[in-house]
>>> print(open('upload-v9.cif').read())   # mmCIF, C-alpha atoms
data_entry
loop_
_atom_site.label_atom_id
_atom_site.label_comp_id
_atom_site.auth_asym_id
_atom_site.auth_seq_id
_atom_site.Cartn_x
_atom_site.Cartn_y
_atom_site.Cartn_z
CA MET A 398 37.62 156.07 58.92
CA ASN A 399 35.03 155.27 56.32
CA ASP A 400 36.26 157.76 53.75
CA GLU A 401 36.05 156.48 50.19
CA ARG A 402 34.57 153.18 51.33
CA ASP A 403 31.55 151.56 49.77
CA GLU A 404 30.53 147.99 49.00
CA VAL A 405 33.17 147.51 46.31
CA ILE A 406 36.05 148.89 48.36
CA ASP A 407 34.90 146.96 51.44
CA ARG A 408 34.91 143.71 49.48
CA ALA A 409 38.30 144.44 47.96
CA ALA A 410 39.72 145.30 51.39
CA ARG A 411 38.34 142.05 52.81
CA VAL A 412 40.08 140.04 50.10
CA LEU A 413 43.37 141.83 50.70
CA SER A 414 43.03 141.52 54.49
CA ALA A 415 43.17 137.72 54.40
CA MET A 416 46.33 136.57 56.13
CA PRO A 417 48.53 134.59 53.72
CA PRO A 418 49.65 131.20 55.02
CA ALA A 419 53.22 131.40 56.23
CA LYS A 420 55.54 128.54 55.31
CA PRO A 421 56.57 126.27 58.19
CA GLY A 422 59.62 127.68 59.90
CA ALA A 423 59.21 131.14 58.39
CA VAL A 424 59.44 132.91 61.73
CA ALA A 425 62.44 130.80 62.68
CA ARG A 426 64.19 131.80 59.47
CA VAL A 427 63.60 135.45 60.27
CA LEU A 428 65.05 134.99 63.73
CA MET A 429 68.05 133.15 62.30
CA ALA A 430 68.63 135.97 59.85
CA VAL A 431 68.58 138.43 62.73
CA ARG A 432 71.04 136.31 64.66
CA ALA A 433 73.29 135.92 61.62
CA ASN A 434 73.22 139.66 61.06
CA GLN A 435 74.31 140.20 64.65
CA ALA A 436 77.24 137.85 64.09
CA ARG A 437 78.49 139.90 61.15
CA PRO A 438 81.28 142.36 61.88
CA LEU A 439 80.03 145.93 61.81
CA PRO A 440 81.32 148.18 59.03
CA PHE A 441 83.97 150.68 60.09
CA TRP A 442 81.68 153.70 60.04
CA ARG A 443 79.09 151.95 62.23
CA ARG A 444 81.72 150.90 64.73
CA MET A 445 82.89 154.51 64.88
CA ALA A 446 79.31 155.68 65.25
CA ARG A 447 78.93 153.77 68.47
CA GLY A 448 79.76 155.63 71.66
CA ILE A 449 83.13 155.87 73.33
CA ASP A 450 81.86 153.86 76.31
CA GLU A 451 80.84 150.98 74.11
CA THR A 452 84.11 151.18 72.19
CA SER A 453 86.10 150.91 75.38
CA VAL A 454 84.09 147.85 76.44
CA SER A 455 84.60 146.30 73.00
CA ALA A 456 88.31 147.02 73.19
CA LYS A 457 88.54 145.26 76.54
CA ALA A 458 86.58 142.31 75.21
CA ALA A 459 88.79 142.20 72.13
CA SER A 460 91.93 142.25 74.28
CA LEU A 461 90.65 139.36 76.35
CA LEU A 462 89.73 137.46 73.20
CA VAL A 463 93.20 137.99 71.71
CA ALA A 464 94.84 136.86 74.94
CA ALA A 465 92.61 133.77 75.08
CA SER A 466 93.33 132.99 71.43
CA LEU A 467 97.08 133.20 72.03
CA LEU A 468 96.80 130.84 75.00
CA VAL A 469 94.68 128.37 73.06
CA GLY A 470 97.02 128.61 70.11
CA PHE A 471 100.05 127.95 72.33
CA PHE A 472 98.57 124.84 73.92
CA ALA A 473 97.03 123.55 70.71
CA ARG A 474 100.09 124.19 68.57
CA GLY A 475 101.39 120.68 68.77
CA THR A 476 98.09 119.03 67.98
CA VAL A 477 96.83 120.87 64.92
CA ASP A 478 98.38 120.00 61.59
CA GLY A 479 96.03 122.00 59.39
CA SER A 480 94.71 119.09 57.38
CA VAL A 481 91.25 119.52 55.93
CA ALA A 482 88.76 116.73 55.57
CA PRO A 483 87.84 116.08 51.93
CA PHE A 484 84.29 116.39 50.73
CA GLY A 485 82.32 113.22 51.01
CA GLY A 486 82.67 112.58 54.71
CA VAL A 487 85.53 110.91 56.49
CA SER A 488 85.92 109.21 59.78
CA GLY A 489 86.66 111.30 62.82
CA ALA A 490 90.01 109.57 63.20
CA GLU A 491 91.34 111.58 60.26
CA VAL A 492 90.65 114.88 61.97
CA ALA A 493 93.77 116.34 63.48
CA LEU A 494 91.95 119.07 65.38
CA GLN A 495 92.08 118.31 69.08
CA PRO A 496 89.65 119.86 71.49
CA VAL A 497 91.56 121.72 74.19
CA ALA A 498 88.81 121.80 76.79
CA ASN A 499 87.74 118.18 76.47
CA GLY A 500 90.35 115.59 75.70
CA SER A 501 87.86 112.75 75.28
CA ALA A 502 88.20 111.08 71.88
CA GLU A 503 84.43 110.55 71.80
CA ASN A 504 83.89 114.29 71.91
CA ARG A 505 86.22 115.33 69.11
CA PRO A 506 84.75 117.42 66.29
CA VAL A 507 83.88 115.18 63.37
CA PRO A 508 83.94 116.31 59.73
CA VAL A 509 80.48 116.33 58.22
CA ALA A 510 79.99 116.75 54.49
CA MET A 511 77.19 119.17 53.69
CA ALA A 512 75.58 119.47 50.26
CA PHE A 513 72.82 121.78 49.15
CA ASP A 514 71.34 122.06 45.68
CA LEU A 515 70.27 125.56 44.71
CA ALA A 516 71.12 126.41 41.13
CA ASN A 517 70.30 130.12 41.20
CA ALA A 518 72.28 131.05 44.29
CA LYS A 519 75.35 133.27 43.98
CA SER A 520 76.75 132.23 47.34
CA VAL A 521 75.80 129.77 50.05
CA SER A 522 77.26 129.17 53.50
CA VAL A 523 76.43 126.78 56.30
CA VAL A 524 75.35 128.31 59.61
CA GLY A 525 74.63 126.35 62.73
CA ASP A 526 75.29 125.94 66.41
CA PHE A 527 78.68 124.38 65.53
CA ASN A 528 80.01 127.63 64.00
CA GLY A 529 78.15 130.21 66.07
CA TRP A 530 75.67 130.84 63.22
CA ASP A 531 78.40 132.88 61.56
CA PRO A 532 77.69 133.25 57.79
CA SER A 533 81.36 133.87 57.06
CA ALA A 534 82.61 130.79 58.94
CA THR A 535 81.77 128.03 56.43
CA PRO A 536 81.30 129.22 52.86
CA MET A 537 80.23 126.49 50.45
CA GLN A 538 81.82 125.80 47.07
CA ARG A 539 79.87 124.82 43.99
CA VAL A 540 80.75 121.37 42.66
CA GLY A 541 81.29 121.85 38.95
CA ARG A 542 79.48 124.52 37.00
CA ASP A 543 75.90 123.67 37.92
CA GLY A 544 76.38 121.15 40.67
CA PRO A 545 75.34 121.35 44.29
CA TRP A 546 77.02 123.54 46.87
CA SER A 547 79.28 121.68 49.25
CA ALA A 548 81.33 122.25 52.37
CA THR A 549 82.66 120.32 55.32
CA VAL A 550 81.85 121.39 58.84
CA PHE A 551 83.34 120.13 62.06
CA ALA A 552 80.81 119.29 64.72
CA ARG A 553 81.06 117.36 67.95
CA PRO A 554 79.05 114.14 68.21
CA GLY A 555 75.46 114.83 69.14
CA ARG A 556 72.49 116.77 67.90
CA HIS A 557 73.01 120.02 65.97
CA THR A 558 70.73 122.60 64.42
CA TYR A 559 71.70 124.40 61.24
CA ALA A 560 70.52 126.17 58.08
CA TYR A 561 71.94 127.55 54.83
CA MET A 562 72.56 131.26 54.26
CA VAL A 563 71.86 132.04 50.62
CA ASP A 564 73.32 135.14 48.93
CA GLY A 565 74.22 136.54 52.32
CA ALA A 566 70.64 137.43 53.12
CA THR A 567 68.20 134.53 53.12
CA LEU A 568 68.25 131.59 55.48
CA VAL A 569 66.91 128.33 54.09
CA THR A 570 66.38 125.08 55.92
CA ASP A 571 67.69 121.83 54.46
CA PRO A 572 64.86 120.17 52.52
CA ARG A 573 66.37 116.74 53.15
CA ALA A 574 66.71 117.09 56.91
CA PRO A 575 64.14 116.99 59.68
CA ARG A 576 63.24 120.21 61.42
CA ALA A 577 62.97 120.93 65.09
CA ARG A 578 62.72 123.78 67.52
CA SER A 579 66.08 125.51 67.80
CA THR A 580 67.09 126.46 71.31
CA ASP A 581 68.99 129.41 69.80
CA PHE A 582 65.93 131.07 68.34
CA GLY A 583 62.84 129.37 69.68
CA GLY A 584 61.89 128.55 66.09
CA ASP A 585 62.50 125.78 63.54
CA ALA A 586 65.85 124.85 62.05
CA SER A 587 67.24 121.78 60.30
CA VAL A 588 68.55 119.03 62.54
CA MET A 589 71.43 116.58 62.11
CA MET A 590 72.84 113.92 64.38
CA VAL A 591 76.61 113.54 64.36
CA ARG A 592 77.80 110.09 65.43
CA THR A 593 80.80 109.33 67.57
CA PRO A 594 83.67 108.25 65.28
CA MET B 286 39.24 142.51 62.02
CA ILE B 287 42.60 144.21 62.31
CA ARG B 288 41.58 145.89 65.55
CA GLU B 289 40.88 142.53 67.20
CA HIS B 290 44.31 141.36 66.08
CA VAL B 291 46.06 144.42 67.46
CA SER B 292 44.24 144.24 70.79
CA ASP B 293 46.05 140.95 71.54
CA PHE B 294 49.42 142.64 71.36
CA ASP B 295 51.31 143.38 74.56
CA PRO B 296 52.38 147.03 74.13
CA THR B 297 55.37 146.58 76.44
CA LEU B 298 57.04 144.13 74.04
CA PRO B 299 58.76 146.75 71.82
CA ILE B 300 60.19 148.52 74.86
CA ARG B 301 61.41 145.26 76.33
CA ALA B 302 62.91 144.30 72.96
CA LYS B 303 64.61 147.67 72.76
CA HIS B 304 66.31 146.91 76.07
CA GLY B 305 67.64 143.62 74.79
CA ASP B 306 64.89 141.16 75.77
CA GLU B 307 65.26 138.54 73.01
CA GLN B 308 62.09 136.72 74.02
CA ALA B 309 60.15 139.94 73.56
CA PHE B 310 61.64 140.33 70.10
CA ILE B 311 60.71 136.74 69.21
CA ARG B 312 57.12 137.39 70.29
CA ILE B 313 57.02 140.55 68.16
CA VAL B 314 58.18 138.59 65.12
CA GLU B 315 55.69 135.80 65.79
CA PHE B 316 52.85 138.28 66.23
CA TYR B 317 53.59 140.61 63.31
CA TYR B 318 54.97 138.15 60.75
CA PRO B 319 51.59 137.27 59.18
CA ARG B 320 50.52 140.90 58.94
CA CYS B 321 53.87 141.97 57.50
CA LEU B 322 53.76 139.11 55.00
CA ARG B 323 50.26 140.16 53.96
CA PHE B 324 51.37 143.75 53.34
CA ALA B 325 54.51 142.68 51.47
CA ARG B 326 52.58 140.23 49.29
CA ASN B 327 49.98 142.84 48.47
CA MET B 328 52.72 145.31 47.61
CA LEU B 329 55.08 143.02 45.72
CA GLY B 330 52.82 140.31 44.35
CA GLY B 331 55.37 137.50 44.57
CA GLU B 332 55.64 135.23 47.56
CA GLN B 333 59.42 134.94 47.49
CA ASP B 334 59.95 138.69 47.26
CA ALA B 335 57.47 139.21 50.10
CA GLU B 336 59.26 136.77 52.38
CA GLU B 337 62.58 138.45 51.58
CA ALA B 338 61.17 141.90 52.33
CA VAL B 339 59.71 140.78 55.65
CA GLN B 340 62.92 139.05 56.71
CA ASP B 341 65.01 142.11 55.80
CA ALA B 342 62.57 144.37 57.61
CA PHE B 343 62.81 142.43 60.86
CA VAL B 344 66.62 142.38 60.64
CA ARG B 345 66.51 146.17 60.34
CA VAL B 346 63.95 146.48 63.12
CA HIS B 347 66.28 144.55 65.42
CA ASP B 348 69.22 146.74 64.37
CA SER B 349 67.21 149.93 64.83
CA PHE B 350 65.56 149.18 68.17
CA PRO B 351 68.05 151.38 70.06
CA ARG B 352 66.61 154.31 68.11
CA PHE B 353 62.95 153.38 68.71
CA ARG B 354 61.32 156.07 70.85
CA GLU B 355 59.51 154.53 73.78
CA ASP B 356 56.62 156.98 73.49
CA ALA B 357 56.13 156.17 69.78
CA ARG B 358 53.59 153.71 68.41
CA PHE B 359 55.14 150.52 67.16
CA ASP B 360 52.92 149.75 64.15
CA PRO B 361 53.81 152.82 62.06
CA TRP B 362 57.49 152.43 62.90
CA LEU B 363 57.51 148.77 61.83
CA PHE B 364 55.52 149.42 58.66
CA ARG B 365 57.75 152.32 57.69
CA ILE B 366 60.74 149.98 57.71
CA LEU B 367 58.78 147.28 55.86
CA ALA B 368 57.46 149.73 53.25
CA ASN B 369 61.03 150.92 52.62
CA ARG B 370 62.15 147.34 52.06
CA CYS B 371 59.27 146.79 49.64
CA ARG B 372 60.22 149.91 47.70
CA THR B 373 63.83 148.75 47.52
CA LEU B 374 62.77 145.37 46.18
CA MET B 375 60.43 146.98 43.67
CA ALA B 376 63.29 149.15 42.44
CA ARG B 377 65.49 146.09 42.11
CA ASN B 378 62.81 144.18 40.24
CA ARG B 379 62.24 147.14 37.94
CA ARG B 380 65.74 146.61 36.65
CA HIS B 381 64.84 143.09 35.63
CA ARG B 382 61.34 143.43 34.25
CA SER B 383 59.20 146.21 32.99
CA LEU B 384 56.42 147.48 35.23
CA ILE B 385 53.35 149.48 34.43
CA GLU B 386 54.27 153.13 34.27
CA TYR B 387 53.23 155.50 37.02
CA GLY B 388 49.69 156.78 36.53
CA ASP B 389 48.76 154.24 33.87
CA ILE B 390 45.89 152.00 34.79
CA PRO B 391 44.63 149.53 32.22
CA LEU B 392 41.08 150.52 31.39
CA THR B 393 39.87 147.22 30.05
CA ALA B 394 40.98 143.68 30.48
CA SER B 395 40.81 141.03 27.84
CA ALA B 396 37.55 139.13 27.41
CA GLU B 397 39.21 135.97 28.75
CA GLN B 398 40.13 137.76 31.94
CA GLU B 399 36.71 139.25 32.43
CA ILE B 400 34.54 136.20 31.83
CA GLY B 401 34.42 134.00 34.87
CA ALA B 402 37.35 135.74 36.55
CA ASP B 403 37.70 134.95 40.21
CA TRP B 404 36.86 137.93 42.36
CA ALA B 405 39.96 137.73 44.56
CA GLU B 406 42.20 137.35 41.54
CA GLU B 407 40.54 140.35 39.91
CA VAL B 408 41.20 142.44 43.00
CA ARG B 409 44.87 141.51 42.87
CA VAL B 410 45.12 142.20 39.16
CA VAL B 411 43.74 145.69 39.67
CA LEU B 412 45.90 146.26 42.74
CA ASP B 413 49.03 145.23 40.82
CA SER B 414 48.12 147.67 38.08
CA LEU B 415 48.10 150.63 40.47
CA PRO B 416 51.12 152.90 40.72
CA PRO B 417 53.20 151.81 43.75
CA GLU B 418 52.46 155.01 45.68
CA GLN B 419 48.72 154.52 45.32
CA ARG B 420 48.94 150.83 46.13
CA GLU B 421 50.96 151.54 49.25
CA ALA B 422 48.63 154.31 50.46
CA PHE B 423 45.52 152.19 49.83
CA LEU B 424 46.91 149.16 51.66
CA LEU B 425 48.13 151.14 54.64
CA ARG B 426 44.83 152.98 54.94
CA HIS B 427 42.20 150.36 54.13
CA VAL B 428 43.91 147.05 54.86
CA GLU B 429 46.37 147.87 57.65
CA ASP B 430 43.89 150.43 59.01
CA LEU B 431 46.48 153.10 59.78
CA SER B 432 45.45 156.74 60.10
CA TYR B 433 46.44 159.32 57.50
CA GLU B 434 48.58 160.99 60.15
CA ASP B 435 50.49 157.75 60.76
CA ILE B 436 50.91 157.12 57.03
CA SER B 437 52.12 160.67 56.56
CA ALA B 438 54.70 160.23 59.31
CA MET B 439 55.78 156.94 57.75
CA THR B 440 56.06 157.99 54.13
CA GLY B 441 56.86 161.68 54.41
CA ALA B 442 53.97 162.50 52.06
CA GLY B 443 51.52 165.27 52.95
CA LEU B 444 48.01 164.49 54.14
CA SER B 445 46.31 165.91 51.06
CA ALA B 446 48.62 163.99 48.74
CA LEU B 447 47.90 160.80 50.64
CA ARG B 448 44.15 161.36 50.50
CA MET B 449 44.46 161.88 46.76
CA ARG B 450 46.47 158.67 46.32
CA VAL B 451 43.89 156.68 48.26
CA LYS B 452 41.05 158.30 46.31
CA ARG B 453 42.66 157.45 42.98
CA ALA B 454 43.29 153.90 44.10
CA CYS B 455 39.65 153.57 45.20
CA ASP B 456 38.43 155.06 41.92
CA ALA B 457 40.49 152.56 39.92
CA LEU B 458 39.36 149.61 42.03
CA ARG B 459 35.74 150.73 41.85
CA ALA B 460 35.83 151.21 38.08
CA ARG B 461 37.26 147.77 37.43
CA LEU B 462 35.56 145.79 40.16
CA THR B 463 32.02 147.11 39.79
CA GLU B 464 31.88 145.38 36.45
CA ALA B 465 33.15 142.14 37.99
CA ILE B 466 30.45 142.33 40.67
CA GLN B 467 27.78 142.82 38.03
CA ASN B 468 29.07 139.80 36.15
CA GLU B 469 28.74 137.74 39.32
CA ARG B 470 25.04 138.57 39.70
#
>>> encode(input="upload-v9.cif", output="structure tokens")
Amino acid sequence: MNDERDEVIDRAARVLSAMPPAKPGAVARVLMAVRANQARPLPFWRRMARGIDETSVSAKAASLLVAASLLVGFFARGTVDGSVAPFGGVSGAEVALQPVANGSAENRPVPVAMAFDLANAKSVSVVGDFNGWDPSATPMQRVGRDGPWSATVFARPGRHTYAYMVDGATLVTDPRAPRARSTDFGGDASVMMVRTP
Amino acid sequence: MIREHVSDFDPTLPIRAKHGDEQAFIRIVEFYYPRCLRFARNMLGGEQDAEEAVQDAFVRVHDSFPRFREDARFDPWLFRILANRCRTLMARNRRHRSLIEYGDIPLTASAEQEIGADWAEEVRVVLDSLPPEQREAFLLRHVEDLSYEDISAMTGAGLSALRMRVKRACDALRARLTEAIQNER
């Protein structure tokens, strides 16, 4: 245990043993990255590597999902016109998307303009409880050559937690938004309140 | 110091996390994050790189839990994954900036660095100047307090090679830091 150790090495080891201060929300960001990674589709070879039992369960789940999607699509067909809310925020009345499960106008998803300034990023997406923390669900577009990243998300009125996925690997909280404990991860995330239109 | 930290850890957490207990995984991250960040910062130097390495390591730990052997010790398994992430980041950074070549340790620092240099900063300067293999072996042995057997299992290096890496790291630290201690007195 004490091989090679003397006063100098002991002092050096003590300096290096000091725990660095972690930034607020660091653990939460790790947990969000784990969750986001889980939400990513597995590459083909990893899907194949999983056992036959699991594949059969996944196939059943996929079949149910497809059937559910077809049903939802059938009932929602007449109410969705495909319009997209422009950046900058619009009133909920302009959203054509109708919730199937809850017909209340107060509970319709509302477009929320998101903007995030990070000049060095190659890609940014919004992840939050409104899109299942899926990094591929809401990619952001850069405004101009060096402008901020922007996207519009649809969220029901109420309180939502979210973060930004940068370069597909790093989760960053919104510096302009308050933080709170996320029920998804037990750690910190950015918080926004969406008002009823 | 490290031993006291480890004694607080519930050894059933990795097994529970392996079987899908998300709360157990959260507690593992909360418990090990500071220690992992310390190792990554000592290895990589930069705070941002260290945070990235730790985050990537925990994502891989979560992915790899089904392959974690329940009779294995968790620390070496976690640090093997983290050390791999640090090596990957070092390789990536090497493409962007030149590093000190393997085996080359600066023998003398400039007068400005020596006079009045802060002890902790001096330690980090010397540590950064070590070849990555020596730095890694020294940190795992003398800061993370892992046994040579554990480090060997983690890195794939033989015991004698590891002892030599640690010895060379200690020699370099001793040579540079003894002078700094004398200047303090």
>>> resolve_selection(input="upload-v9.cif", expression="the PyMOL selection byres ((chain B) within 7 of (chain A))", output="short mmCIF file (atom, residue, chain, number, x, y, z; two decimals) with C-alpha atoms, keeping the file's coordinate frame")
data_model
loop_
_atom_site.label_atom_id
_atom_site.label_comp_id
_atom_site.auth_asym_id
_atom_site.auth_seq_id
_atom_site.Cartn_x
_atom_site.Cartn_y
_atom_site.Cartn_z
CA VAL B 314 58.18 138.59 65.12
CA GLU B 315 55.69 135.80 65.79
CA TYR B 318 54.97 138.15 60.75
CA PRO B 319 51.59 137.27 59.18
CA ARG B 320 50.52 140.90 58.94
CA ARG B 323 50.26 140.16 53.96
CA GLN B 340 62.92 139.05 56.71
CA VAL B 344 66.62 142.38 60.64
CA ALA B 405 39.96 137.73 44.56
CA VAL B 408 41.20 142.44 43.00
CA HIS B 427 42.20 150.36 54.13
CA VAL B 428 43.91 147.05 54.86
CA LYS B 452 41.05 158.30 46.31
CA CYS B 455 39.65 153.57 45.20
CA ARG B 459 35.74 150.73 41.85
CA LEU B 462 35.56 145.79 40.16
CA THR B 463 32.02 147.11 39.79
#
>>> resolve_selection(input="upload-v9.cif", expression="the PyMOL selection byres ((chain A and resi 560) around 9)", output="PyMOL selection string")
chain A and resi 426+429+522-525+530+558-559+561-562+568-571+586-588
>>> closest_atom_pairs(input="upload-v9.cif", of="range 289-354 of chain B", to="range 362-368 of chain B", cutoff="9 Å", atoms="only C-alpha atoms", output="CSV")
residue,atom,partner,partner_atom,distance
B:Cys321,CA,B:Leu367,CA,7.4
B:Phe324,CA,B:Ala368,CA,8.5
B:Ala325,CA,B:Leu367,CA,7.7
B:Met328,CA,B:Ala368,CA,8.6
B:Ala338,CA,B:Leu367,CA,6.9
B:Val339,CA,B:Leu367,CA,6.6
B:Asp341,CA,B:Leu367,CA,8.1
B:Ala342,CA,B:Leu367,CA,5.1
B:Phe343,CA,B:Leu367,CA,8.0
B:Arg345,CA,B:Ile366,CA,7.4
B:Val346,CA,B:Leu363,CA,7.0
B:Phe353,CA,B:Trp362,CA,8.0
>>> resolve_selection(input="upload-v9.cif", expression="the PyMOL selection byres ((chain B and resi 304) around 12)", output="list in words")
Thr297, Leu298, Pro299, Ile300, Arg301, Ala302, Lys303, Gly305, Asp306, Glu307, Gln308, Ala309, Phe310, His347, Ser349, Phe350, Pro351, Arg352, Phe353, Arg354 and Glu355 of chain B
>>> write_last_selection(input="upload-v9.cif", atoms="C-alpha atoms", output="compact mmCIF listing (two decimals), in the frame of the given file")
# COMPACT_ATOMS: atom_id res chain seq x y z
CA THR B 297 55.37 146.58 76.44
CA LEU B 298 57.04 144.13 74.04
CA PRO B 299 58.76 146.75 71.82
CA ILE B 300 60.19 148.52 74.86
CA ARG B 301 61.41 145.26 76.33
CA ALA B 302 62.91 144.30 72.96
CA LYS B 303 64.61 147.67 72.76
CA GLY B 305 67.64 143.62 74.79
CA ASP B 306 64.89 141.16 75.77
CA GLU B 307 65.26 138.54 73.01
CA GLN B 308 62.09 136.72 74.02
CA ALA B 309 60.15 139.94 73.56
CA PHE B 310 61.64 140.33 70.10
CA HIS B 347 66.28 144.55 65.42
CA SER B 349 67.21 149.93 64.83
CA PHE B 350 65.56 149.18 68.17
CA PRO B 351 68.05 151.38 70.06
CA ARG B 352 66.61 154.31 68.11
CA PHE B 353 62.95 153.38 68.71
CA ARG B 354 61.32 156.07 70.85
CA GLU B 355 59.51 154.53 73.78
>>> axis_aligned_box(input="upload-v9.cif", around="range 319-327 of chain B", padding_each_side="8 Å", output="lines of an AutoDock Vina configuration file")
center_x = 52.2
center_y = 140.5
center_z = 53.8
size_x = 20.5
size_y = 22.5
size_z = 26.7
>>> atom_distance(input="upload-v9.cif", atom1="CA of Pro532 in chain A", atom2="CA of Gly565 in chain A")
7.3 Å
>>> decode(input="upload-v9.cif", residues="range 453-467 of chain B", atoms="N, CA and C atoms", output="compact mmCIF listing (two decimals), in the first residue's frame")
# COMPACT_ATOMS: atom_id res chain seq x y z
N ARG B 453 7.88 5.46 -12.14
CA ARG B 453 8.37 6.58 -12.96
C ARG B 453 7.58 7.86 -12.68
N ALA B 454 6.29 7.69 -12.49
CA ALA B 454 5.47 8.86 -12.17
C ALA B 454 5.93 9.46 -10.84
N CYS B 455 6.16 8.59 -9.85
CA CYS B 455 6.60 9.07 -8.53
C CYS B 455 7.97 9.75 -8.64
N ASP B 456 8.86 9.15 -9.42
CA ASP B 456 10.19 9.75 -9.59
C ASP B 456 10.09 11.15 -10.17
N ALA B 457 9.22 11.29 -11.19
CA ALA B 457 9.08 12.59 -11.85
C ALA B 457 8.48 13.61 -10.88
N LEU B 458 7.45 13.19 -10.16
CA LEU B 458 6.82 14.10 -9.19
C LEU B 458 7.82 14.51 -8.12
N ARG B 459 8.55 13.52 -7.63
CA ARG B 459 9.51 13.78 -6.55
C ARG B 459 10.60 14.75 -7.02
N ALA B 460 11.10 14.52 -8.24
CA ALA B 460 12.18 15.36 -8.74
C ALA B 460 11.75 16.82 -8.86
N ARG B 461 10.52 17.01 -9.35
CA ARG B 461 10.06 18.39 -9.57
C ARG B 461 9.53 19.04 -8.31
N LEU B 462 8.89 18.24 -7.46
CA LEU B 462 8.20 18.83 -6.32
C LEU B 462 9.10 19.03 -5.11
N THR B 463 10.16 18.25 -5.01
CA THR B 463 11.08 18.43 -3.88
C THR B 463 11.63 19.84 -3.89
N GLU B 464 11.94 20.31 -5.08
CA GLU B 464 12.47 21.67 -5.21
C GLU B 464 11.42 22.70 -4.78
N ALA B 465 10.16 22.44 -5.16
CA ALA B 465 9.09 23.38 -4.77
C ALA B 465 8.91 23.40 -3.26
N ILE B 466 9.06 22.24 -2.63
CA ILE B 466 8.93 22.19 -1.16
C ILE B 466 10.05 22.98 -0.51
N GLN B 467 11.26 22.83 -1.05
CA GLN B 467 12.40 23.55 -0.49
C GLN B 467 12.21 25.06 -0.63
